[in-house]
file start11.cif (mmCIF, C-alpha atoms)
data_query
#
loop_
_atom_site.label_atom_id
_atom_site.label_comp_id
_atom_site.auth_asym_id
_atom_site.auth_seq_id
_atom_site.Cartn_x
_atom_site.Cartn_y
_atom_site.Cartn_z
CA MET A 4 14.62 -24.72 24.90
CA MET A 5 12.69 -25.10 21.66
CA ASP A 6 13.98 -27.48 19.02
CA GLY A 7 13.65 -26.65 15.33
CA ASN A 8 12.94 -30.23 14.31
CA GLN A 9 10.20 -30.53 16.92
CA ILE A 10 8.58 -27.35 15.63
CA LEU A 11 8.68 -28.62 12.05
CA SER A 12 7.12 -31.92 13.15
CA SER A 13 4.17 -29.97 14.58
CA LEU A 14 3.51 -28.27 11.26
CA GLU A 15 1.51 -29.63 8.33
CA LYS A 16 2.39 -29.73 4.65
CA LEU A 17 0.37 -27.64 2.21
CA ARG A 18 -0.68 -30.75 0.29
CA ASN A 19 -2.38 -32.13 3.41
CA ILE A 20 -4.40 -29.02 4.21
CA ASN A 21 -8.11 -29.55 3.58
CA SER A 22 -9.46 -26.43 5.31
CA SER A 23 -8.23 -23.41 7.24
CA LYS A 24 -8.77 -25.33 10.48
CA ASP A 25 -5.93 -27.67 9.48
CA ILE A 26 -3.33 -24.88 9.61
CA PRO A 27 -1.28 -25.36 12.80
CA GLN A 28 -0.60 -22.43 15.11
CA LEU A 29 2.66 -22.33 17.05
CA THR A 30 1.48 -19.90 19.72
CA HIS A 31 -1.63 -20.16 21.87
CA ALA A 32 -2.30 -16.41 21.90
CA MET A 33 -3.52 -15.28 18.48
CA PHE A 34 -4.14 -11.56 17.80
CA PRO A 35 -4.97 -10.48 21.38
CA GLY A 36 -6.59 -7.22 22.45
CA THR A 37 -7.80 -4.90 19.71
CA HIS A 38 -7.03 -7.34 16.86
CA CYS A 39 -10.60 -8.64 16.74
CA PRO A 40 -13.46 -7.90 14.30
CA LEU A 41 -14.35 -4.85 16.38
CA MET A 42 -11.05 -3.30 15.32
CA GLY A 43 -11.89 -4.06 11.69
CA ALA A 44 -15.25 -2.33 12.01
CA ALA A 45 -13.57 0.76 13.45
CA MET A 46 -11.02 0.77 10.62
CA ALA A 47 -13.84 0.69 8.05
CA VAL A 48 -16.02 3.39 9.65
CA ARG A 49 -12.95 5.61 9.98
CA GLY A 50 -13.03 6.17 6.22
CA ILE A 51 -16.74 7.06 6.06
CA GLN A 52 -16.95 10.77 6.80
CA ASN A 53 -19.37 11.86 9.57
CA ALA A 54 -20.76 8.36 10.15
CA VAL A 55 -20.87 7.44 13.85
CA LEU A 56 -19.54 4.17 15.27
CA LEU A 57 -21.64 3.01 18.25
CA VAL A 58 -19.97 0.12 20.09
CA ILE A 59 -22.38 -1.98 22.13
CA GLY A 60 -20.74 -4.21 24.72
CA THR A 61 -18.60 -4.39 27.83
CA ASP A 62 -16.40 -1.62 29.15
CA GLU A 63 -13.30 -3.49 27.95
CA CYS A 64 -14.54 -3.52 24.34
CA ALA A 65 -15.52 0.14 24.54
CA TYR A 66 -12.12 1.04 26.00
CA TYR A 67 -10.12 -0.81 23.35
CA THR A 68 -12.06 0.79 20.51
CA LYS A 69 -11.95 4.30 21.94
CA HIS A 70 -8.26 3.99 22.67
CA MET A 71 -7.61 2.95 19.09
CA THR A 72 -9.69 5.75 17.54
CA LEU A 73 -8.06 8.40 19.72
CA HIS A 74 -4.96 8.02 17.55
CA SER A 75 -6.92 8.69 14.35
CA ASP A 76 -7.61 12.25 13.29
CA ASP A 77 -10.43 10.90 11.12
CA PHE A 78 -12.43 10.04 14.24
CA GLY A 79 -11.98 13.42 15.93
CA GLY A 80 -10.29 12.57 19.21
CA MET A 81 -11.93 12.18 22.61
CA GLY A 82 -15.20 13.80 21.62
CA GLY A 83 -15.15 12.26 18.16
CA ARG A 84 -17.54 9.98 16.35
CA CYS A 85 -16.65 6.76 18.16
CA VAL A 86 -19.09 6.33 21.04
CA SER A 87 -20.27 3.40 23.14
CA ALA A 88 -23.19 1.94 25.06
CA VAL A 89 -21.55 0.02 27.92
CA LEU A 90 -23.64 -2.87 29.19
CA ASP A 91 -23.90 -3.87 32.85
CA THR A 92 -25.14 -7.10 34.45
CA ARG A 93 -28.77 -5.98 34.25
CA ASP A 94 -28.51 -5.29 30.50
CA ILE A 95 -26.88 -8.67 29.96
CA THR A 96 -29.60 -10.43 31.95
CA PHE A 97 -32.69 -8.65 30.64
CA GLY A 98 -31.52 -7.31 27.28
CA CYS A 99 -29.93 -4.03 26.22
CA LYS A 100 -32.77 -2.37 24.28
CA GLU A 101 -33.64 0.09 27.05
CA LYS A 102 -30.06 1.28 27.41
CA LEU A 103 -29.59 1.40 23.66
CA ASP A 104 -32.74 3.47 23.18
CA SER A 105 -31.34 6.04 25.58
CA ALA A 106 -27.87 5.97 24.00
CA VAL A 107 -29.23 6.41 20.47
CA SER A 108 -31.43 9.31 21.56
CA GLU A 109 -28.44 11.06 23.14
CA LEU A 110 -26.28 10.31 20.11
CA MET A 111 -28.77 11.79 17.66
CA GLU A 112 -29.18 14.94 19.71
CA GLU A 113 -25.44 15.54 20.04
CA TYR A 114 -24.11 14.40 16.64
CA ASN A 115 -27.03 14.51 14.21
CA PRO A 116 -25.13 12.04 11.98
CA PRO A 117 -26.05 10.98 8.42
CA ALA A 118 -25.58 7.29 9.37
CA VAL A 119 -24.86 5.16 12.43
CA PHE A 120 -23.12 1.78 12.60
CA LEU A 121 -24.42 -0.32 15.50
CA VAL A 122 -21.46 -2.59 16.21
CA THR A 123 -22.16 -5.53 18.47
CA THR A 124 -19.52 -7.34 20.49
CA CYS A 125 -19.22 -10.86 21.87
CA VAL A 126 -21.55 -10.36 24.83
CA VAL A 127 -24.39 -9.02 22.66
CA GLU A 128 -24.11 -12.01 20.36
CA ILE A 129 -24.11 -14.40 23.32
CA ILE A 130 -27.24 -12.95 24.98
CA GLY A 131 -28.99 -12.95 21.60
CA ASP A 132 -30.41 -9.42 21.33
CA ASP A 133 -31.81 -8.88 17.83
CA MET A 134 -29.66 -5.97 16.73
CA ASP A 135 -30.81 -6.23 13.11
CA SER A 136 -34.42 -5.48 14.05
CA LEU A 137 -33.33 -2.71 16.42
CA ALA A 138 -31.31 -1.11 13.63
CA GLU A 139 -34.33 -1.31 11.33
CA GLY A 140 -36.51 0.34 13.98
CA TYR A 141 -34.06 3.17 14.59
CA SER A 142 -33.78 3.77 10.83
CA LYS A 143 -37.53 4.34 10.63
CA GLN A 144 -37.66 6.40 13.83
CA TYR A 145 -34.83 8.79 12.95
CA SER A 146 -35.00 8.65 9.13
CA ILE A 147 -31.30 7.89 8.67
CA PRO A 148 -29.54 4.56 8.06
CA PHE A 149 -28.73 2.51 11.16
CA LEU A 150 -26.54 -0.40 10.10
CA SER A 151 -26.02 -3.47 12.24
CA VAL A 152 -22.53 -5.00 12.22
CA HIS A 153 -21.81 -8.22 14.12
CA THR A 154 -18.25 -8.51 15.45
CA GLU A 155 -18.25 -11.55 17.74
CA HIS A 156 -14.64 -12.67 18.21
CA PHE A 157 -15.38 -16.25 19.23
CA LYS A 158 -16.24 -17.17 15.64
CA CYS A 159 -13.15 -15.75 13.92
CA GLU A 160 -9.44 -15.24 14.45
CA ASN A 161 -8.67 -11.67 13.39
CA HIS A 162 -10.07 -8.27 12.47
CA LEU A 163 -10.76 -8.88 8.77
CA PRO A 164 -14.38 -10.12 9.23
CA GLY A 165 -15.14 -6.80 10.92
CA LEU A 166 -13.90 -4.91 7.88
CA GLU A 167 -15.83 -7.19 5.53
CA ARG A 168 -19.12 -6.98 7.46
CA THR A 169 -18.96 -3.20 7.84
CA ILE A 170 -18.30 -2.74 4.14
CA SER A 171 -21.09 -5.19 3.25
CA ALA A 172 -23.55 -3.42 5.57
CA CYS A 173 -23.24 -0.30 3.41
CA LEU A 174 -25.44 -1.98 0.79
CA ASN A 175 -28.43 -1.01 2.95
CA MET A 176 -27.61 2.67 2.37
CA MET A 177 -27.53 2.44 -1.40
CA LYS A 178 -30.31 3.56 -3.72
CA PRO A 179 -30.79 3.04 -7.47
CA SER A 180 -29.19 5.95 -9.32
CA PRO A 181 -28.79 6.95 -13.00
CA SER A 182 -25.50 5.68 -14.42
CA GLU A 183 -22.66 8.21 -14.41
CA GLY A 184 -20.07 5.90 -15.97
CA THR A 185 -17.76 6.10 -12.95
CA VAL A 186 -15.88 3.30 -11.19
CA ASN A 187 -16.14 2.49 -7.48
CA ILE A 188 -12.99 1.45 -5.62
CA LEU A 189 -13.79 -1.23 -3.05
CA GLY A 190 -11.62 -2.76 -0.36
CA GLN A 191 -8.41 -0.72 -0.40
CA ARG A 192 -6.65 -1.31 2.93
CA MET A 193 -3.25 0.37 2.55
CA GLY A 194 -1.73 3.32 0.78
CA LYS A 195 -3.35 5.96 -1.38
CA PHE A 196 -5.21 4.78 -4.46
CA GLU A 197 -4.52 8.07 -6.26
CA GLU A 198 -0.79 7.23 -6.31
CA THR A 199 -1.18 3.85 -8.02
CA GLU A 200 -0.56 2.92 -11.63
CA LEU A 201 -4.19 1.80 -11.90
CA ALA A 202 -5.43 5.24 -10.83
CA GLN A 203 -3.14 6.86 -13.39
CA MET A 204 -4.51 4.63 -16.17
CA LEU A 205 -8.07 5.56 -15.21
CA ARG A 206 -7.27 9.27 -15.22
CA GLU A 207 -5.45 9.13 -18.57
CA ASN A 208 -8.43 7.39 -20.15
CA GLY A 209 -11.02 9.84 -18.82
CA ILE A 210 -12.56 7.46 -16.30
CA LYS A 211 -13.83 9.17 -13.17
CA ILE A 212 -13.74 7.58 -9.73
CA GLY A 213 -16.92 7.42 -7.68
CA MET A 214 -17.08 5.90 -4.20
CA GLN A 215 -13.91 4.72 -2.44
CA LEU A 216 -14.89 2.38 0.39
CA PRO A 217 -13.46 2.16 3.02
CA CYS A 218 -10.42 4.29 2.20
CA GLY A 219 -12.35 7.57 2.08
CA CYS A 220 -15.91 8.51 1.13
CA THR A 221 -19.05 10.25 2.33
CA VAL A 222 -22.40 8.74 3.23
CA ASP A 223 -23.89 10.50 0.20
CA GLU A 224 -21.32 8.82 -2.08
CA ILE A 225 -22.31 5.43 -0.65
CA VAL A 226 -25.98 6.19 -1.29
CA LYS A 227 -25.19 7.03 -4.94
CA ALA A 228 -22.71 4.15 -5.42
CA PRO A 229 -25.07 2.25 -7.80
CA SER A 230 -24.52 5.03 -10.37
CA ALA A 231 -21.12 3.48 -11.17
CA ARG A 232 -20.40 1.51 -14.34
CA VAL A 233 -18.20 -1.02 -12.57
CA ASN A 234 -16.83 -1.90 -9.13
CA ILE A 235 -13.08 -2.49 -8.87
CA VAL A 236 -12.40 -4.85 -5.97
CA LEU A 237 -8.91 -4.41 -4.55
CA ASN A 238 -9.22 -6.91 -1.71
CA ASN A 239 -11.40 -9.90 -0.89
CA ILE A 240 -12.90 -8.08 2.10
CA ALA A 241 -15.03 -6.15 -0.42
CA LEU A 242 -15.96 -9.13 -2.58
CA PRO A 243 -19.23 -9.90 -0.71
CA LEU A 244 -20.41 -6.30 -1.24
CA ALA A 245 -19.46 -6.39 -4.93
CA LYS A 246 -21.43 -9.61 -5.39
CA LYS A 247 -24.47 -8.13 -3.61
CA MET A 248 -24.30 -4.99 -5.74
CA LYS A 249 -24.18 -7.21 -8.83
CA GLU A 250 -27.32 -9.04 -7.67
CA THR A 251 -29.16 -5.92 -6.51
CA PHE A 252 -28.12 -3.25 -9.01
CA ASN A 253 -26.58 -5.35 -11.84
CA ILE A 254 -23.20 -3.62 -11.49
CA PRO A 255 -20.32 -5.84 -12.69
CA TYR A 256 -17.09 -6.06 -10.77
CA VAL A 257 -13.43 -6.65 -11.57
CA LEU A 258 -11.12 -8.31 -9.06
CA PHE A 259 -7.92 -6.25 -9.19
CA GLU A 260 -5.86 -7.24 -6.16
CA LYS A 261 -2.18 -6.51 -5.58
CA PHE A 262 -1.23 -9.11 -8.17
CA THR A 263 2.48 -9.72 -8.73
CA ASP A 264 2.40 -11.95 -11.82
CA PRO A 265 2.13 -9.80 -14.99
CA GLU A 266 -0.22 -12.39 -16.53
CA ASN A 267 -2.76 -11.80 -13.76
CA ILE A 268 -2.33 -8.03 -13.95
CA LEU A 269 -2.91 -8.07 -17.72
CA LYS A 270 -6.11 -10.13 -17.33
CA ALA A 271 -7.45 -7.70 -14.72
CA TYR A 272 -6.75 -4.68 -16.93
CA GLN A 273 -8.30 -6.36 -19.97
CA HIS A 274 -11.43 -7.30 -18.01
CA LEU A 275 -11.77 -3.73 -16.72
CA PHE A 276 -11.47 -2.00 -20.11
CA GLU A 277 -13.76 -4.58 -21.69
CA ILE A 278 -16.53 -3.75 -19.20
CA LEU A 279 -15.91 -0.03 -19.64
CA GLU A 280 -16.18 -0.56 -23.41
CA LYS A 281 -12.97 1.36 -24.01
CA PRO A 282 -10.03 0.42 -26.25
CA PHE A 283 -7.16 -1.24 -24.43
CA PRO A 284 -4.37 1.33 -23.95
CA GLU A 285 -1.19 0.63 -25.88
CA ILE A 286 0.88 1.83 -22.94
CA LEU A 287 -0.43 -1.07 -20.87
CA MET A 288 0.81 -3.58 -23.44
CA GLN A 289 4.21 -1.89 -23.26
CA LYS A 290 4.17 -2.13 -19.46
CA TYR A 291 3.18 -5.80 -19.71
CA GLN A 292 6.09 -6.55 -22.04
CA GLN A 293 8.51 -4.72 -19.75
CA ALA A 294 7.18 -6.70 -16.77
CA GLN A 295 7.66 -9.96 -18.66
CA GLU A 296 11.25 -8.99 -19.41
CA SER A 297 11.80 -8.30 -15.69
CA VAL A 298 10.48 -11.77 -14.87
CA LEU A 299 12.79 -13.50 -17.37
CA LYS A 300 15.80 -11.56 -16.13
CA THR A 301 14.94 -12.32 -12.50
CA GLN A 302 14.39 -16.04 -13.04
CA ASN A 303 18.09 -16.50 -13.87
CA GLN A 304 19.10 -14.96 -10.53
CA LEU A 305 16.57 -16.59 -8.20
CA GLN A 306 16.60 -20.24 -9.27
CA GLY A 307 16.55 -22.50 -6.22
CA VAL A 308 16.53 -19.70 -3.63
CA PRO A 309 14.72 -21.06 -0.51
CA TYR A 310 12.49 -18.74 1.51
CA ILE A 311 9.98 -18.45 4.34
CA TYR A 312 6.85 -16.43 3.66
CA GLY A 313 5.58 -14.32 6.54
CA ASN A 314 3.39 -11.34 5.71
CA THR A 315 3.28 -8.95 2.75
CA PRO A 316 0.80 -6.52 1.18
CA PHE A 317 0.17 -9.08 -1.58
CA ASP A 318 -2.30 -11.93 -1.90
CA CYS A 319 -0.61 -14.86 -0.16
CA MET A 320 -1.21 -17.66 -2.66
CA GLU A 321 -0.94 -15.54 -5.82
CA PHE A 322 2.37 -14.14 -4.64
CA ASN A 323 3.78 -17.53 -3.65
CA ALA A 324 2.71 -18.97 -7.01
CA PHE A 325 4.62 -16.12 -8.67
CA LEU A 326 7.69 -16.84 -6.55
CA VAL A 327 7.54 -20.49 -7.60
CA LYS A 328 7.29 -19.31 -11.21
CA LEU A 329 10.52 -17.38 -10.64
CA GLY A 330 12.18 -20.64 -9.60
CA MET A 331 12.23 -19.97 -5.85
CA VAL A 332 11.55 -22.68 -3.25
CA PRO A 333 8.94 -22.05 -0.51
CA GLN A 334 9.84 -23.81 2.73
CA ILE A 335 7.17 -22.40 5.07
CA ILE A 336 4.11 -20.33 4.19
CA GLN A 337 2.46 -18.45 7.04
CA THR A 338 -1.18 -17.62 6.37
CA ALA A 339 -4.40 -17.00 8.27
CA SER A 340 -6.47 -19.17 5.95
CA VAL A 341 -6.39 -21.35 2.86
CA ASP A 342 -9.13 -21.42 0.25
CA MET A 343 -9.04 -24.92 -1.20
CA ASP A 344 -10.58 -23.63 -4.45
CA ASN A 345 -7.76 -21.10 -4.84
CA GLN A 346 -6.51 -21.28 -8.43
CA TYR A 347 -2.89 -20.72 -7.37
CA LEU A 348 -2.76 -23.59 -4.89
CA ASN A 349 -2.22 -26.35 -7.45
CA TYR A 350 0.43 -24.32 -9.26
CA ILE A 351 2.47 -24.17 -6.03
CA LEU A 352 1.94 -27.86 -5.34
CA ASP A 353 3.14 -28.81 -8.82
CA SER A 354 6.63 -27.67 -7.83
CA ALA A 355 6.77 -27.63 -4.03
CA ASP A 356 5.05 -28.79 -0.86
CA PRO A 357 5.97 -26.27 1.85
CA TYR A 358 5.06 -26.40 5.53
CA VAL A 359 2.12 -24.22 6.57
CA ALA A 360 1.69 -22.26 9.81
CA LYS A 361 -0.64 -19.59 11.12
CA THR A 362 0.60 -16.03 10.75
CA ALA A 363 2.18 -14.11 13.66
CA ASN A 364 4.51 -16.96 14.67
CA ILE A 365 7.96 -15.41 14.21
CA ALA A 366 9.14 -16.16 17.77
CA PRO A 367 8.98 -19.98 17.58
CA LEU A 368 9.84 -20.06 13.87
CA GLN A 369 13.30 -18.61 14.45
CA TYR A 370 14.36 -22.03 15.75
CA VAL A 371 13.79 -23.70 12.39
CA TYR A 372 16.22 -21.42 10.54
CA ASP A 373 19.16 -23.65 11.45
CA VAL A 374 17.25 -26.69 10.19
CA LEU A 375 15.87 -25.39 6.88
CA HIS A 376 18.59 -22.80 6.10
CA PRO A 377 16.37 -20.40 4.13
CA HIS A 378 18.01 -17.50 2.31
CA LEU A 379 15.09 -15.05 2.47
CA TYR A 380 12.32 -14.09 4.86
CA LEU A 381 9.38 -12.32 3.20
CA GLY A 382 7.64 -10.15 5.75
CA HIS A 383 8.48 -8.57 9.08
CA GLU A 384 11.37 -10.05 11.03
CA TYR A 385 14.45 -8.79 12.88
CA ALA A 386 17.06 -8.20 10.20
CA PRO A 387 20.14 -8.32 12.51
CA ARG A 388 19.06 -11.72 13.84
CA LEU A 389 18.52 -13.06 10.33
CA ARG A 390 21.88 -11.73 9.15
CA LYS A 391 23.69 -14.06 11.57
CA LYS A 392 21.81 -16.96 9.96
CA GLY A 393 22.82 -15.90 6.46
CA MET A 394 19.31 -14.63 5.72
CA ALA A 395 17.96 -11.35 4.37
CA VAL A 396 14.56 -9.69 4.70
CA VAL A 397 12.51 -8.94 1.59
CA ARG A 398 10.95 -5.56 2.30
CA SER A 399 7.63 -5.19 0.52
CA ASP A 400 5.77 -2.51 2.52
CA SER A 401 6.63 0.08 -0.14
CA ALA A 402 4.16 -1.72 -2.42
CA SER A 403 1.24 -0.58 -0.26
CA SER A 404 0.53 2.24 -2.71
CA MET A 405 1.01 0.15 -5.85
CA LEU A 406 -1.40 -1.57 -8.21
CA GLY A 407 -0.57 -2.88 -11.64
CA PHE A 408 2.64 -3.68 -13.47
CA GLU A 409 4.57 -1.36 -11.18
CA ILE A 410 4.34 -4.13 -8.56
CA THR A 411 6.16 -6.65 -10.77
CA ASP A 412 8.99 -4.21 -11.40
CA PHE A 413 9.31 -3.37 -7.71
CA ILE A 414 9.17 -6.87 -6.26
CA THR A 415 11.51 -8.50 -8.78
CA LYS A 416 14.17 -5.89 -8.04
CA GLU A 417 13.66 -6.26 -4.29
CA LEU A 418 13.92 -10.06 -4.45
CA VAL A 419 17.19 -9.88 -6.38
CA ARG A 420 18.57 -7.27 -3.96
CA ALA A 421 17.69 -9.42 -0.94
CA ALA A 422 19.07 -12.59 -2.54
CA HIS A 423 22.42 -10.90 -3.22
CA GLU A 424 22.41 -9.54 0.34
CA ALA A 425 21.78 -13.02 1.76
CA HIS A 426 24.66 -14.44 -0.29
CA GLN A 427 26.97 -11.78 1.12
CA TYR A 428 25.83 -12.55 4.69
CA GLN A 429 26.50 -16.24 4.15
CA LYS A 430 30.06 -15.46 3.05
CA GLU A 431 30.58 -13.23 6.10
CA GLU A 432 29.28 -15.88 8.48
CA GLY A 433 31.15 -18.71 6.76
CA LEU A 434 27.91 -20.36 5.65
CA ALA A 435 28.40 -20.13 1.88
#
call {"tool": "encode", "arguments": {"input": "start11.cif", "output": "structure tokens"}}
result
Amino acid sequence: MMDGNQILSSLEKLRNINSSKDIPQLTHAMFPGTHCPLMGAAMAVRGIQNAVLLVIGTDECAYYTKHMTLHSDDFGGMGGRCVSAVLDTRDITFGCKEKLDSAVSELMEEYNPPAVFLVTTCVVEIIGDDMDSLAEGYSKQYSIPFLSVHTEHFKCENHLPGLERTISACLNMMKPSPSEGTVNILGQRMGKFEETELAQMLRENGIKIGMQLPCGCTVDEIVKAPSARVNIVLNNIALPLAKKMKETFNIPYVLFEKFTDPENILKAYQHLFEILEKPFPEILMQKYQQAQESVLKTQNQLQGVPYIYGNTPFDCMEFNAFLVKLGMVPQIIQTASVDMDNQYLNYILDSADPYVAKTANIAPLQYVYDVLHPHLYLGHEYAPRLRKKGMAVVRSDSASSMLGFEITDFITKELVRAAHEAHQYQKEEGLA
């Protein structure tokens, strides 16, 4: 039987974390099966119309990827644009070029695609085949882009590097293009951008959207992406590409993540309209003032409310810094990594020093509820189980299709709702 105090003693405090390697994990199995960079690569290619994903590796890797893409209409089912070159012992011993030559020839004859992503797996990286040079050779031979994406799992813990590397590889497709004054949307992972406040502000100010990578674009749109006036980066997975496009094509970028603090949202909007050389919309100042009023009203109701952070659509440290600003008390923060240069880290540490654990640890963490007595759990947990502990779940998935001040309004209301719910549960269970 697990003991809550023992679990807490195995964790580390945020103040003592010097790198992501210092974050303790409470389970030995982390993101098994398809949750590796190969999955991330498939998720990215899914949004690039007509591009073919060629998985190079063992039959297990090919099976996992094909099984995943079968459930996506964007890939086209069994005969869709996810294919594989399965390596055997001979290929692993003597190299896979011969088999890959044959697979690529067959692929080109059957699909005639505008671009192909050569996605390596662990075994290819271990045997050391030079996939970058092979991709370059195929590009010359077939006169279309072949893009090499490395997805070895033994160097990373989840699927996000696969997304990042696939997005970054698209730079090799791009060509200098005359400016069209559009904006590119980079790195959206959830929801529909068209439904966000940010998209509405762009439309109302006559700003057209160019490439949307990886949430939906064509190969031709990627090729012409340098015609944009600015790149809007919605997630850090697209930051390496934005930086490369700045170096290569001198296109500036604006980091506009799912910020929750209205101060950060205002700065992002101001930076964007400054680059676009357009007057700052008065309606955005009104939205900012309304968001600030929501914060002030919420602070009075959330002072001292303890919580455990699990997983949300928001940036982990920015969101937790905002929660601290509201007067809440973080007890445990679950995260995959910690950037020690993160600007929000010191703000959190000025008021609190929570425990830190790797994400996806809800099974062992349930034993610490009786020790820490949190009121809220932010992320995915079993609500009936939490109710018996006097806890409530903060549901934030609805924010997947939000960007801008609409997020502040939504999350402050949800936090207050959950806090009142937790108080009611505590009265019912005799814990208040």
call {"tool": "resolve_selection", "arguments": {"input": "start11.cif", "expression": "the PyMOL selection byres ((chain A and resi 212) around 8)", "output": "list in words"}}
result
Thr185, Val186, Asn187, Ile188, Ile210, Lys211, Gly213, Met214 and Gln215 of chain A
call {"tool": "write_last_selection", "arguments": {"input": "start11.cif", "atoms": "C-alpha atoms", "output": "CSV table (one decimal), keeping the file's coordinate frame"}}
result
chain,number,residue,atom,x,y,z
A,185,THR,CA,-17.8,6.1,-13.0
A,186,VAL,CA,-15.9,3.3,-11.2
A,187,ASN,CA,-16.1,2.5,-7.5
A,188,ILE,CA,-13.0,1.4,-5.6
A,210,ILE,CA,-12.6,7.5,-16.3
A,211,LYS,CA,-13.8,9.2,-13.2
A,213,GLY,CA,-16.9,7.4,-7.7
A,214,MET,CA,-17.1,5.9,-4.2
A,215,GLN,CA,-13.9,4.7,-2.4
call {"tool": "closest_residue", "arguments": {"input": "start11.cif", "among": "A:Tyr291, A:Tyr256, A:Tyr66, A:Tyr145", "to": "Phe276 of chain A", "atoms": "only C-alpha atoms"}}
result
A:Tyr256
call {"tool": "residues_around", "arguments": {"input": "start11.cif", "residues": "segment 94-108 of chain A", "least_positions_apart": "2", "cutoff": "10 Å", "atoms": "all atoms listed in the file", "output": "list of chain:residue names"}}
result
A:Leu57, A:Ile59, A:Gly60, A:Thr61, A:Val86, A:Ser87, A:Ala88, A:Val89, A:Leu90, A:Asp91, A:Thr92, A:Leu110, A:Met111, A:Glu112, A:Glu113, A:Val119, A:Leu121, A:Val126, A:Val127, A:Ile129, A:Ile130, A:Gly131, A:Asp132, A:Asp133, A:Met134, A:Leu137, A:Tyr141, A:Tyr145
call {"tool": "closest_residue", "arguments": {"input": "start11.cif", "among": "A:Thr411, A:Gln304, A:Ser151, A:Ser182", "to": "Thr169 of chain A", "atoms": "only C-alpha atoms"}}
result
A:Ser151
call {"tool": "resolve_selection", "arguments": {"input": "start11.cif", "expression": "the PyMOL selection byres ((chain A and resi 395) around 6)", "output": "list in words"}}
result
Leu379, Met394, Val396, Ala421 and Ala425 of chain A
call {"tool": "decode", "arguments": {"input": "start11.cif", "residues": "segment 393-404 of chain A", "atoms": "N, CA, C and O atoms", "output": "mmCIF file, in the first residue's frame"}}
result
data_model
loop_
_atom_site.group_PDB
_atom_site.id
_atom_site.type_symbol
_atom_site.label_atom_id
_atom_site.label_comp_id
_atom_site.auth_asym_id
_atom_site.auth_seq_id
_atom_site.Cartn_x
_atom_site.Cartn_y
_atom_site.Cartn_z
ATOM 1 N N GLY A 393 -13.154 15.996 -0.988
ATOM 2 C CA GLY A 393 -13.452 17.417 -0.875
ATOM 3 C C GLY A 393 -12.788 18.245 -1.954
ATOM 4 O O GLY A 393 -12.540 19.444 -1.766
ATOM 5 N N MET A 394 -12.507 17.609 -3.101
ATOM 6 C CA MET A 394 -11.814 18.287 -4.202
ATOM 7 C C MET A 394 -12.722 18.381 -5.422
ATOM 8 O O MET A 394 -13.612 17.555 -5.619
ATOM 9 N N ALA A 395 -12.441 19.358 -6.268
ATOM 10 C CA ALA A 395 -13.169 19.525 -7.519
ATOM 11 C C ALA A 395 -12.173 19.630 -8.669
ATOM 12 O O ALA A 395 -11.041 20.070 -8.497
ATOM 13 N N VAL A 396 -12.622 19.237 -9.851
ATOM 14 C CA VAL A 396 -11.794 19.308 -11.058
ATOM 15 C C VAL A 396 -12.040 20.630 -11.768
ATOM 16 O O VAL A 396 -13.190 21.041 -11.959
ATOM 17 N N VAL A 397 -10.957 21.289 -12.151
ATOM 18 C CA VAL A 397 -11.053 22.477 -13.003
ATOM 19 C C VAL A 397 -10.984 22.004 -14.440
ATOM 20 O O VAL A 397 -9.968 21.479 -14.888
ATOM 21 N N ARG A 398 -12.069 22.173 -15.159
ATOM 22 C CA ARG A 398 -12.159 21.680 -16.535
ATOM 23 C C ARG A 398 -11.750 22.792 -17.502
ATOM 24 O O ARG A 398 -12.430 23.805 -17.607
ATOM 25 N N SER A 399 -10.669 22.566 -18.209
ATOM 26 C CA SER A 399 -10.137 23.626 -19.074
ATOM 27 C C SER A 399 -10.077 23.240 -20.550
ATOM 28 O O SER A 399 -9.618 24.023 -21.379
ATOM 29 N N ASP A 400 -10.543 22.029 -20.907
ATOM 30 C CA ASP A 400 -10.444 21.593 -22.301
ATOM 31 C C ASP A 400 -11.214 22.497 -23.259
ATOM 32 O O ASP A 400 -10.881 22.581 -24.444
ATOM 33 N N SER A 401 -12.237 23.159 -22.753
ATOM 34 C CA SER A 401 -13.039 24.050 -23.615
ATOM 35 C C SER A 401 -12.212 25.214 -24.150
ATOM 36 O O SER A 401 -12.615 25.872 -25.115
ATOM 37 N N ALA A 402 -11.058 25.464 -23.537
ATOM 38 C CA ALA A 402 -10.200 26.567 -23.981
ATOM 39 C C ALA A 402 -9.334 26.185 -25.178
ATOM 40 O O ALA A 402 -8.537 26.997 -25.641
ATOM 41 N N SER A 403 -9.493 24.960 -25.676
ATOM 42 C CA SER A 403 -8.668 24.513 -26.804
ATOM 43 C C SER A 403 -8.825 25.416 -28.021
ATOM 44 O O SER A 403 -7.880 25.607 -28.793
ATOM 45 N N SER A 404 -10.012 25.956 -28.215
ATOM 46 C CA SER A 404 -10.261 26.847 -29.353
ATOM 47 C C SER A 404 -10.337 28.300 -28.908
ATOM 48 O O SER A 404 -11.164 29.076 -29.404
#
